Every structure is written in C-alpha cells, then in structure tokens.
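For reference, start.txt is printed below; it contains compact mmCIF, C-alpha atoms.
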```
# COMPACT_ATOMS: atom_id res chain seq x y z
CA MET A 6 -56.67 8.68 -1.52
CA THR A 7 -55.74 6.83 -4.69
CA THR A 8 -54.42 3.29 -4.86
CA GLU A 9 -51.03 4.57 -5.95
CA ALA A 10 -50.83 6.82 -2.89
CA CYS A 11 -51.70 3.88 -0.62
CA ASP A 12 -48.95 1.79 -2.19
CA MET A 13 -46.45 4.59 -1.65
CA THR A 14 -47.50 4.86 2.00
CA ARG A 15 -47.01 1.14 2.54
CA THR A 16 -43.59 1.05 0.90
CA SER A 17 -42.31 4.08 2.83
CA SER A 18 -42.87 2.40 6.23
CA PRO A 19 -39.81 0.42 7.42
CA PRO A 20 -40.41 -3.30 7.95
CA HIS A 21 -40.57 -4.55 11.54
CA CYS A 22 -37.42 -6.35 12.71
CA VAL A 23 -35.76 -7.44 15.95
CA VAL A 24 -32.01 -7.03 16.41
CA ASP A 25 -30.62 -10.29 17.77
CA GLU A 26 -28.76 -9.87 21.05
CA ASP A 27 -26.12 -12.53 20.33
CA TYR A 28 -25.47 -12.44 16.61
CA TYR A 29 -25.80 -8.87 15.50
CA TRP A 30 -22.19 -7.91 15.99
CA ASP A 31 -20.68 -4.47 15.99
CA LEU A 32 -17.59 -4.21 13.84
CA VAL A 33 -14.51 -2.20 14.63
CA LYS A 34 -11.82 -0.97 12.27
CA PHE A 35 -8.14 -1.05 13.24
CA SER A 36 -5.12 0.30 11.46
CA ALA A 37 -1.60 -1.06 11.87
CA GLU A 38 1.15 0.41 9.74
CA ASP A 39 -0.51 0.78 6.31
CA HIS A 40 -3.01 -2.06 6.84
CA ILE A 41 -6.67 -1.77 7.78
CA PHE A 42 -8.49 -4.54 9.65
CA ARG A 43 -12.21 -4.79 10.38
CA VAL A 44 -13.38 -7.41 12.86
CA PRO A 45 -16.19 -7.96 15.39
CA LYS A 46 -15.78 -5.77 18.42
CA HIS A 47 -17.03 -8.13 21.14
CA ARG A 48 -13.73 -9.94 21.84
CA PHE A 49 -11.91 -6.65 22.30
CA MET A 50 -14.66 -5.51 24.64
CA SER A 51 -15.10 -8.65 26.73
CA ASP A 52 -11.58 -10.08 26.98
CA SER A 53 -9.74 -6.93 28.06
CA GLU A 54 -11.32 -4.01 29.84
CA THR A 55 -7.96 -2.26 29.63
CA PHE A 56 -7.91 -2.39 25.83
CA ALA A 57 -11.55 -1.31 25.49
CA THR A 58 -10.99 1.65 27.81
CA THR A 59 -7.63 2.67 26.36
CA TYR A 60 -8.86 2.75 22.77
CA GLY A 61 -12.37 3.98 23.54
CA LEU A 62 -14.25 1.03 22.08
CA ASP A 63 -17.21 1.86 24.29
CA HIS A 64 -17.77 4.86 22.01
CA ALA A 65 -18.99 4.77 18.43
CA HIS A 66 -16.41 4.67 15.65
CA GLY A 67 -18.61 5.37 12.66
CA SER A 68 -20.64 3.06 10.51
CA GLU A 69 -19.38 -0.46 9.93
CA ASP A 70 -19.96 0.07 6.20
CA GLU A 71 -18.19 3.38 6.11
CA PHE A 72 -15.24 3.26 3.75
CA THR A 73 -14.11 5.93 1.35
CA ALA A 74 -11.30 5.87 -1.11
CA GLU A 75 -10.44 9.43 -0.16
CA ASP A 76 -9.81 8.49 3.50
CA PRO A 77 -9.66 4.71 4.03
CA PHE A 78 -8.43 5.21 7.62
CA LEU A 79 -11.56 7.18 8.59
CA ASN A 80 -12.69 6.17 12.11
CA ALA A 81 -10.04 3.44 12.28
CA VAL A 82 -8.46 2.79 15.68
CA SER A 83 -4.73 3.19 15.23
CA LEU A 84 -2.63 0.56 17.03
CA ASP A 85 1.10 0.90 17.66
CA VAL A 86 1.97 -2.62 16.51
CA THR A 87 3.07 -4.13 13.24
CA ALA A 88 0.54 -5.43 10.75
CA HIS A 89 2.04 -8.91 11.06
CA GLU A 90 1.68 -8.92 14.85
CA LEU A 91 -1.94 -7.76 14.69
CA ARG A 92 -2.80 -10.27 11.98
CA THR A 93 -1.28 -13.06 14.08
CA PHE A 94 -3.16 -11.90 17.16
CA LEU A 95 -6.43 -11.89 15.20
CA LYS A 96 -5.71 -15.48 14.15
CA ALA A 97 -5.78 -16.43 17.82
CA ILE A 98 -8.90 -14.55 18.87
CA TYR A 99 -10.87 -15.09 15.62
CA PRO A 100 -9.59 -18.42 14.24
CA LYS A 101 -10.90 -19.41 10.83
CA GLN A 102 -11.04 -23.12 11.52
CA LEU A 103 -13.99 -24.30 13.58
CA GLN A 104 -12.55 -27.61 14.74
CA GLY A 105 -9.22 -28.86 15.98
CA GLU A 106 -6.40 -27.19 17.84
CA LEU A 107 -5.21 -23.75 16.86
CA MET A 108 -1.93 -24.28 15.02
CA LEU A 109 0.54 -21.40 15.16
CA THR A 110 4.30 -21.36 14.89
CA ALA A 111 6.50 -20.50 17.87
CA ASN A 112 7.12 -17.01 16.48
CA GLU A 113 3.39 -16.50 16.00
CA TRP A 114 2.71 -17.58 19.58
CA LEU A 115 5.39 -15.12 20.68
CA ALA A 116 3.51 -12.39 18.81
CA VAL A 117 0.29 -13.44 20.55
CA LEU A 118 2.12 -13.39 23.89
CA LYS A 119 3.54 -9.94 23.18
CA LEU A 120 0.21 -8.31 22.32
CA SER A 121 -1.80 -10.16 24.97
CA THR A 122 0.71 -9.02 27.60
CA LYS A 123 0.70 -5.47 26.24
CA TRP A 124 -3.10 -5.21 26.10
CA LEU A 125 -3.87 -7.49 29.07
CA PHE A 126 -5.75 -10.17 27.16
CA ASN A 127 -4.88 -12.47 30.03
CA GLY A 128 -6.71 -15.54 28.77
CA PHE A 129 -4.78 -15.49 25.49
CA ARG A 130 -1.58 -14.68 27.38
CA GLU A 131 -2.01 -17.83 29.45
CA MET A 132 -2.74 -19.83 26.29
CA ALA A 133 0.41 -18.53 24.59
CA ILE A 134 2.60 -19.34 27.61
CA GLU A 135 1.16 -22.85 27.72
CA LYS A 136 1.79 -23.39 23.99
CA LEU A 137 5.35 -22.07 24.15
CA SER A 138 6.43 -23.96 27.28
CA PRO A 139 8.93 -25.47 27.82
CA LEU A 140 10.59 -23.37 25.09
CA THR A 141 12.11 -26.35 23.34
CA GLY A 142 14.97 -25.36 21.06
CA MET A 143 15.26 -21.82 22.47
CA ASP A 144 18.69 -20.80 23.75
CA SER A 145 19.30 -19.66 27.33
CA ILE A 146 19.80 -15.98 26.50
CA GLU A 147 16.47 -15.85 24.66
CA LYS A 148 14.71 -17.55 27.58
CA VAL A 149 16.06 -14.91 29.93
CA ARG A 150 15.04 -12.12 27.56
CA ILE A 151 11.46 -13.18 26.98
CA GLY A 152 11.09 -14.27 30.61
CA LYS A 153 11.90 -10.72 31.75
CA GLU A 154 10.05 -8.99 28.91
CA PHE A 155 6.80 -10.91 29.33
CA CYS A 156 7.06 -11.55 33.11
CA VAL A 157 7.21 -15.35 32.94
CA GLU A 158 9.14 -16.47 36.03
CA PRO A 159 9.74 -20.15 35.06
CA TRP A 160 11.34 -19.10 31.76
CA LEU A 161 13.64 -16.59 33.46
CA LEU A 162 14.66 -19.14 36.08
CA SER A 163 15.24 -21.80 33.41
CA GLY A 164 17.48 -19.48 31.39
CA TYR A 165 19.59 -18.51 34.40
CA ARG A 166 19.89 -22.15 35.48
CA GLU A 167 21.15 -23.23 32.06
CA LEU A 168 23.72 -20.42 32.00
CA VAL A 169 25.07 -21.46 35.41
CA ASN A 170 25.19 -25.18 34.66
CA ARG A 171 26.67 -25.10 31.17
CA ASP A 172 30.38 -25.65 30.65
CA ALA A 173 30.91 -22.75 28.25
CA SER A 174 31.63 -19.36 29.78
CA ILE A 175 29.38 -16.36 29.23
CA THR A 176 30.64 -14.48 26.19
CA VAL A 177 30.95 -10.72 25.82
CA ASP A 178 28.09 -10.71 23.32
CA GLU A 179 25.88 -12.66 25.71
CA ALA A 180 26.83 -10.35 28.57
CA GLY A 181 25.72 -7.39 26.46
CA LYS A 182 22.34 -9.03 25.85
CA LEU A 183 21.91 -9.99 29.49
CA GLY A 184 23.07 -6.67 30.83
CA TRP A 185 26.50 -6.27 32.38
CA LYS A 186 25.24 -6.27 35.95
CA SER A 187 23.29 -9.50 35.45
CA ALA A 188 26.25 -11.04 33.63
CA PHE A 189 28.59 -10.28 36.56
CA ARG A 190 26.11 -11.85 38.98
CA LEU A 191 25.90 -14.97 36.84
CA CYS A 192 29.68 -15.26 36.58
CA GLY A 193 30.03 -15.02 40.35
CA LEU A 194 27.27 -17.58 40.84
CA ARG A 195 28.91 -19.94 38.33
CA GLU A 196 32.19 -19.80 40.26
CA ASP A 197 30.52 -20.22 43.65
CA TRP A 198 28.46 -23.12 42.36
CA LYS A 199 31.11 -24.95 40.36
CA ILE A 200 34.25 -24.42 42.50
CA PRO A 201 34.20 -26.42 45.78
CA GLY A 202 34.38 -24.29 48.92
CA ARG A 203 33.46 -21.02 47.21
CA ARG A 204 29.95 -20.71 48.67
CA ASP A 205 29.83 -18.21 51.52
CA ARG A 206 29.20 -19.31 55.09
CA VAL A 207 25.58 -18.20 55.10
CA ALA A 208 24.87 -20.11 51.90
CA LYS A 209 26.66 -23.20 53.22
CA ALA A 210 24.20 -23.36 56.11
CA ILE A 211 21.43 -23.96 53.56
CA PRO A 212 21.28 -27.23 51.57
CA ALA A 213 22.51 -26.71 48.03
CA ASN A 214 19.66 -25.64 45.75
CA LEU A 215 20.57 -23.80 42.59
CA ASP A 216 17.10 -22.33 42.05
CA ILE A 217 17.17 -20.77 45.52
CA GLU A 218 20.67 -19.42 44.89
CA ILE A 219 19.53 -17.85 41.62
CA GLU A 220 16.48 -16.25 43.22
CA MET A 221 18.67 -14.84 46.00
CA ARG A 222 21.12 -13.30 43.50
CA PHE A 223 18.34 -11.89 41.31
CA GLN A 224 15.77 -10.86 43.90
CA ASP A 225 15.02 -7.63 42.04
CA LYS A 226 14.18 -9.46 38.80
CA PHE A 227 11.96 -12.11 40.35
CA GLY A 228 10.38 -9.62 42.74
CA ALA A 229 9.29 -7.38 39.85
CA ILE A 230 7.77 -10.33 38.01
CA ARG A 231 5.83 -11.48 41.06
CA GLU A 232 4.50 -8.00 41.72
CA ALA A 233 3.25 -7.79 38.13
CA GLN A 234 1.35 -11.09 38.23
CA CYS A 235 -1.78 -9.43 39.61
CA LEU A 236 -2.11 -7.62 36.26
CA TYR A 237 -2.21 -10.88 34.33
CA MET A 238 -4.91 -12.71 36.25
CA THR A 239 -7.53 -14.39 34.08
CA VAL A 240 -11.23 -14.41 34.84
CA ASP A 241 -10.84 -17.87 36.36
CA ASP A 242 -7.85 -16.70 38.40
CA LYS A 243 -9.83 -13.75 39.75
CA ALA A 244 -12.77 -16.00 40.54
CA GLU A 245 -10.44 -18.39 42.37
CA VAL A 246 -8.85 -15.54 44.30
CA GLU A 247 -12.28 -14.22 45.22
CA ARG A 248 -13.38 -17.70 46.27
CA LYS A 249 -10.29 -18.08 48.47
CA ARG A 250 -10.81 -14.60 49.90
CA GLN A 251 -14.40 -15.37 50.80
CA ALA A 252 -13.36 -18.74 52.24
CA GLU A 253 -10.64 -17.06 54.33
CA GLU A 254 -13.06 -14.40 55.52
CA LYS A 255 -15.62 -17.06 56.42
CA GLU A 256 -12.97 -19.07 58.23
CA ALA A 257 -11.83 -15.94 60.06
CA ARG A 258 -15.43 -15.17 61.05
CA ASP A 259 -15.94 -18.76 62.18
CA VAL A 260 -12.73 -18.66 64.22
CA ALA A 261 -13.73 -15.33 65.77
CA GLU A 262 -17.21 -16.63 66.60
CA ARG A 263 -15.76 -19.85 67.98
CA GLU A 264 -13.27 -17.91 70.11
CA GLU A 265 -16.05 -15.62 71.29
CA ARG A 266 -18.19 -18.61 72.27
CA GLU A 267 -15.24 -20.23 74.03
CA GLU A 268 -14.46 -17.00 75.88
CA LYS A 269 -18.11 -16.73 76.91
CA LEU A 270 -18.13 -20.34 78.10
CA ASP A 271 -14.85 -19.79 79.94
CA ALA A 272 -16.32 -16.71 81.61
CA GLU A 273 -19.44 -18.65 82.59
CA ARG A 274 -17.32 -21.53 83.90
CA GLU A 275 -15.15 -19.10 85.86
CA ALA A 276 -18.22 -17.40 87.32
CA GLU A 277 -19.69 -20.78 88.26
CA ARG A 278 -16.38 -21.86 89.79
CA ARG A 279 -16.21 -18.69 91.87
CA ARG A 280 -19.83 -19.13 92.94
CA ILE A 281 -19.15 -22.71 94.02
CA GLU A 282 -15.98 -21.68 95.84
CA LEU A 283 -17.85 -18.87 97.61
CA ALA A 284 -20.68 -21.21 98.59
CA ALA A 285 -18.16 -23.79 99.80
CA GLU A 286 -16.33 -21.15 101.82
CA GLU A 287 -19.59 -20.00 103.40
CA GLU A 288 -20.48 -23.62 104.17
CA ARG A 289 -17.07 -24.19 105.75
CA GLN A 290 -17.50 -21.10 107.89
CA ARG A 291 -20.95 -22.23 108.98
CA VAL A 292 -19.66 -25.71 109.80
CA ASP A 293 -16.75 -24.19 111.74
CA GLU A 294 -19.17 -22.01 113.71
CA LEU A 295 -21.43 -24.98 114.46
CA ALA A 296 -18.43 -27.07 115.46
CA LYS A 297 -17.23 -24.29 117.73
CA GLU A 298 -20.66 -23.93 119.32
CA LEU A 299 -20.93 -27.69 119.74
CA ASP A 300 -17.52 -27.82 121.35
CA GLU A 301 -18.47 -25.03 123.76
CA ARG A 302 -21.65 -26.87 124.79
CA ARG A 303 -19.74 -30.10 125.17
CA GLN A 304 -17.27 -28.35 127.44
CA LEU A 305 -20.13 -26.83 129.45
CA LEU A 306 -21.78 -30.21 129.87
CA GLN A 307 -18.49 -31.71 130.85
CA THR A 308 -17.99 -28.97 133.40
CA LEU A 309 -21.47 -29.53 134.85
CA SER A 310 -21.06 -33.29 134.99
CA ASP A 311 -17.72 -32.96 136.72
CA ALA A 312 -19.07 -30.52 139.41
CA LYS A 313 -19.34 -32.00 143.08
CA PRO A 314 -22.31 -31.23 145.48
CA VAL A 315 -21.55 -28.72 148.25
CA PRO A 316 -21.51 -30.52 151.66
CA VAL A 317 -23.78 -29.14 154.45
CA PRO A 318 -22.03 -28.87 157.81
CA GLU A 319 -23.49 -30.87 160.73
CA SER A 320 -23.62 -27.75 162.82
CA ALA A 321 -26.06 -26.18 160.39
CA ASN A 322 -28.74 -28.76 161.27
CA GLU A 323 -28.83 -27.52 164.85
CA HIS A 324 -30.22 -24.17 163.76
CA ILE A 325 -33.09 -25.59 161.63
CA PRO A 326 -36.46 -25.25 163.44
CA GLU A 327 -38.35 -28.41 164.11
CA TRP A 328 -41.46 -27.18 162.38
CA LEU A 329 -39.46 -26.56 159.20
CA THR A 330 -38.26 -30.11 159.33
CA ARG A 331 -41.84 -31.36 159.62
CA VAL A 332 -42.89 -29.13 156.71
CA VAL A 333 -40.19 -30.54 154.58
CA ASP A 334 -41.21 -34.03 155.58
CA GLY A 335 -44.89 -33.18 154.90
CA THR A 336 -46.13 -33.99 158.45
CA THR A 337 -47.34 -30.48 159.28
CA ARG A 338 -48.08 -27.23 157.60
CA SER A 339 -46.01 -24.17 157.72
CA PRO A 340 -47.10 -21.39 160.05
CA LEU A 341 -46.30 -19.09 157.22
CA ARG A 342 -49.26 -20.23 155.14
CA SER A 343 -51.58 -17.37 154.40
CA ARG A 344 -55.06 -16.88 155.75
CA GLN A 345 -56.50 -17.35 152.31
CA GLU A 346 -54.97 -20.79 152.04
CA GLU A 347 -56.52 -21.78 155.38
CA GLU A 348 -59.96 -20.62 154.26
CA GLU A 349 -59.66 -22.56 151.05
CA ALA A 350 -58.72 -25.62 153.03
CA GLU A 351 -61.70 -25.22 155.39
CA ASP A 352 -64.10 -24.91 152.46
CA LYS A 353 -62.82 -28.15 151.10
CA GLU A 354 -63.22 -29.93 154.47
CA SER A 355 -66.79 -28.68 155.30
CA PRO A 356 -69.69 -30.86 153.92
CA PRO A 357 -71.87 -29.37 151.18
CA HIS A 358 -75.31 -27.91 152.16
CA SER A 359 -78.32 -29.98 151.29
CA ALA A 360 -80.67 -28.71 148.62
CA GLY A 361 -83.43 -26.42 149.83
CA VAL A 362 -81.78 -25.64 153.18
CA ILE A 363 -81.05 -22.00 153.69
```

Here is the file; what I need is its structure written in the form of structure tokens.
Amino acid sequence: MTTEACDMTRTSSPPHCVVDEDYYWDLVKFSAEDHIFRVPKHRFMSDSETFATTYGLDHAHGSEDEFTAEDPFLNAVSLDVTAHELRTFLKAIYPKQLQGELMLTANEWLAVLKLSTKWLFNGFREMAIEKLSPLTGMDSIEKVRIGKEFCVEPWLLSGYRELVNRDASITVDEAGKLGWKSAFRLCGLREDWKIPGRRDRVAKAIPANLDIEIEMRFQDKFGAIREAQCLYMTVDDKAEVERKRQAEEKEARDVAEREEREEKLDAEREAERRRIELAAEEERQRVDELAKELDERRQLLQTLSDAKPVPVPESANEHIPEWLTRVVDGTTRSPLRSRQEEEEAEDKESPPHSAGVI
C-alpha cells in the first residue's frame, strides 16, 4: 500500500467524539403565521408534557440545519398562535439577558399567561400571574374577563367586588362584555348590598361578607375555576400534594395501627377483667360454702353441748346382778370370761420352770 493510500485511509475515518449530555441541544422549528422560529427543544420537552405530546416533539422533525428556499416551512411545527405571542413567550422561556429580572410589559405578560395556560407551561403561568398581580390600572371588566379566561380566581373575585362597590351603574356595553346573565346577577347583588333591608332572610343570618355573597351568586363560575386548578399545578405543587398525600396516608396508617393496638389492649383488659370477676365469683362461692359448713358444725356443736344426760330410774338398779356391780367396780371377774382368758391368766400366775428341769 502506498503512502498516498494510507493518508486517504486515515482521512476517511471519522474522528472520535463524545456528545455532551447537557450541552448538545436538539433544535426544533416552529411556524406561527408567516414566521419561522428555531429554538432548543429541551424547554418544550421538560416544562410541559402536554405540549410535547400534542405536537409530537418526542419524534424527529428533520435536521436542525435543514432549510431550503423552496420550502422554508419544511418540518416546522405549526402553532395556532400569532407570531407576536410566540415571540413574547420565547422571551420568557429563553431570555437573552443572563442577569437581572425579566422585564416584560403587562401586555407581554398577558401573552405569556395566555400561551402558558393554553399549553400547560404551569411554571411560567404561575410566574405571569405573579408579575401581573394585583392588576394595577386594569379596569373591573377586564379583570373579570381575564380571570374567567385564564382561570385566576382572585382576579375574577376582585373584578366582581369592584363592580358591586362602585357608585356608577353597570352600562349596557359592560353588560354585553360580562354576559347578560352575569350582569343581571351583579345588578341584583348591588341592590341587595347597597340598599338597607334588601338582603334575604337566609343571607341576613350570615354576617355581611361581600366576597361570600359574590361566590354564592356566581357558584358556577368559581366552581369551574376550582375544578380546573388541578391542570395548572406546577412541579412543586405536585410534589407538595404528593408529600401531603403520603403524610395523610402515613397518619391514617398510624391512626389505624394505634386504634388496632388500643382495641387489642381493650380486649386484653376486658378478658383479664372477666377472668378476675370469674375468679372472685368462684372464691365467693367457696367462702359461702365454707361459711355454710362452718355454721352447720357450729349448730351441731351447740346442739350437742345443750343436750342433757338421760336419768336412770332407781328401780332399774334393783335388777342389776351383784356380780355385774363387782365387775364394774373391778373387785371380781365376770363369769362370762372365756376359757382362753383363764388359761392365759394361769400361765401368768404360775412360776417359770428352772433351767434343766424337764
């Protein structure tokens, strides 16, 4: 092999490289109206699973360098928003400045709020709500509108409260923006709240609280917002909910275990109490039986001690033989003694034979 061939072999082999896990970003191309945007994909993947799934960002969209004059929208993800809204949203998620607070106008923050609510970028939604609150300089009708549109309960409540408290009546134009049904409710609430004695009897039983009155009149509006809040939970919110859920489950388990232990102890105490009562009852019965037996013996002894000797009549002594009297006195023996007894007595009285005498 020639030197030239060896050089060609070396140059044809690709150089060894390692793709960095953190800073080799995939790019994605978006189209909005007649504008094309190309940005790193990772924020759209990590900050909203809904967006990534809806627009298929987990699938390839062509080469990041792919751009042709014949079809500039090739492999671009088409978004149904305006170019201005998307550009403003990209300012928030990919800010150009590295230091300091992100500075956007109120209208720009509203655009961020709109798209983050639409695409469930809940972290940026929370940021936009925080930046826009307390909606300084915004009129009551606009507060009600954006409160309902973007499901922000404090803004909706604030708008309704201002409309009830203000001196000016609700105009026809404002009623059209609010919706005629909502406008009628507000007019009735204004009269009930401002004219003495107009509150109904049920409401009078509750201390006056305008916010509560508003929520009662617009239960459907506030109920819908509260039901939707689970969609807008941030990662931290979900972690907090999970932490509370685990804590509640642990507390429930602890309570159940504690109740089980207490029930077991109560059962053991009850069994011990019954055993003691049974033993005490048996002991009482035994004592009663012993007391009864003792009383019977005492009565028997008392009966015996109280008994008198039977007197012997004088005439009975006349029929007792004299020899029996002497036997009793020990002065003579009874003629009834057996022959064997007499022989035994004679043996005792006769002297022993001397040794060697037959």

Margin query: Taking all atoms listed in the file into account, name the residue in A:Ala37, A:Leu309, A:Cys235, A:Val260 that is nearest to Leu84 of chain A.
Written below: A:Ala37

Check: Do you know which residues are at most 10 Å from Leu95 of chain A counting only C-alpha atoms, after dropping those on the same chain fewer than 4 positions away, and could you put them as a ChimeraX atom specification?
Finding: /A:42,44,89-91,99-101,117

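If only C-alpha atoms are the atoms counted, then among A:Ile146, A:Leu32, A:Val24, A:Ala272 the closest residue to Gly181 of chain A is A:Ile146.
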
Next item on the list: Enter the distance from atom CA of Tyr237 of chain A to atom CA of Asn127 of chain A, in Å, rounded to one decimal.
Entry: 5.3 Å

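The coordinates place atom CA of Pro45 of chain A at 6.0 Å from atom CA of Trp30 of chain A.
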
Notebook entry, point to check: Which is closer to Ser53 of chain A than all the others in A:Leu295, A:Leu140, A:Leu125, A:Ala111, using only C-alpha atoms?
Noted result: A:Leu125

Margin query: Would you compute the distance between atom CA of Tyr60 of chain A and atom CA of Phe94 of chain A? Give it in Å to one decimal.
Written below: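 Separating atom CA of Tyr60 of chain A from atom CA of Phe94 of chain A is a distance of 16.7 Å.
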
Next item on the list: Could you please give me, as a PyMOL selection string, the residues of protein, DNA or RNA lying at most 9 Å from (-1.7, -24.0, 18.8) in the coordinate frame of the file, considering only C-alpha atoms?
Entry: chain A and resi 97+106-111+114+132-133+136

Margin query: Please list as a ChimeraX atom specification every residue within 9 Å of Cys156 of chain A, counting all atoms listed in the file and excluding residues in the same chain fewer than 6 positions away.
Written below: /A:122,227,229-231,233-234

Could I get segment 227-240 of chain A from the block written out with N, CA and C atoms, as a compact mmCIF listing (two decimals), in the first residue's frame?
```txt
# COMPACT_ATOMS: atom_id res chain seq x y z
N PHE A 227 -66.98 30.22 39.85
CA PHE A 227 -65.88 29.88 40.76
C PHE A 227 -65.69 28.37 40.84
N GLY A 228 -66.78 27.62 40.74
CA GLY A 228 -66.65 26.16 40.76
C GLY A 228 -65.86 25.64 39.58
N ALA A 229 -66.10 26.21 38.39
CA ALA A 229 -65.36 25.79 37.20
C ALA A 229 -63.87 26.10 37.33
N ILE A 230 -63.56 27.27 37.89
CA ILE A 230 -62.15 27.65 38.06
C ILE A 230 -61.46 26.70 39.03
N ARG A 231 -62.13 26.37 40.12
CA ARG A 231 -61.51 25.50 41.13
C ARG A 231 -61.32 24.09 40.59
N GLU A 232 -62.25 23.63 39.79
CA GLU A 232 -62.09 22.30 39.20
C GLU A 232 -60.91 22.25 38.23
N ALA A 233 -60.63 23.38 37.58
CA ALA A 233 -59.56 23.40 36.58
C ALA A 233 -58.18 23.56 37.19
N GLN A 234 -58.09 23.89 38.48
CA GLN A 234 -56.79 24.18 39.08
C GLN A 234 -55.85 22.98 39.06
N CYS A 235 -56.40 21.77 39.06
CA CYS A 235 -55.53 20.59 39.04
C CYS A 235 -54.72 20.51 37.75
N LEU A 236 -55.22 21.16 36.67
CA LEU A 236 -54.48 21.16 35.41
C LEU A 236 -53.26 22.07 35.47
N TYR A 237 -53.29 23.06 36.36
CA TYR A 237 -52.26 24.09 36.36
C TYR A 237 -51.27 23.93 37.51
N MET A 238 -51.17 22.75 38.04
CA MET A 238 -50.24 22.52 39.14
C MET A 238 -48.81 22.47 38.61
N THR A 239 -47.92 23.18 39.30
CA THR A 239 -46.51 23.15 38.93
C THR A 239 -45.85 21.89 39.49
N VAL A 240 -44.60 21.71 39.15
CA VAL A 240 -43.86 20.55 39.67
C VAL A 240 -43.79 20.62 41.19
```
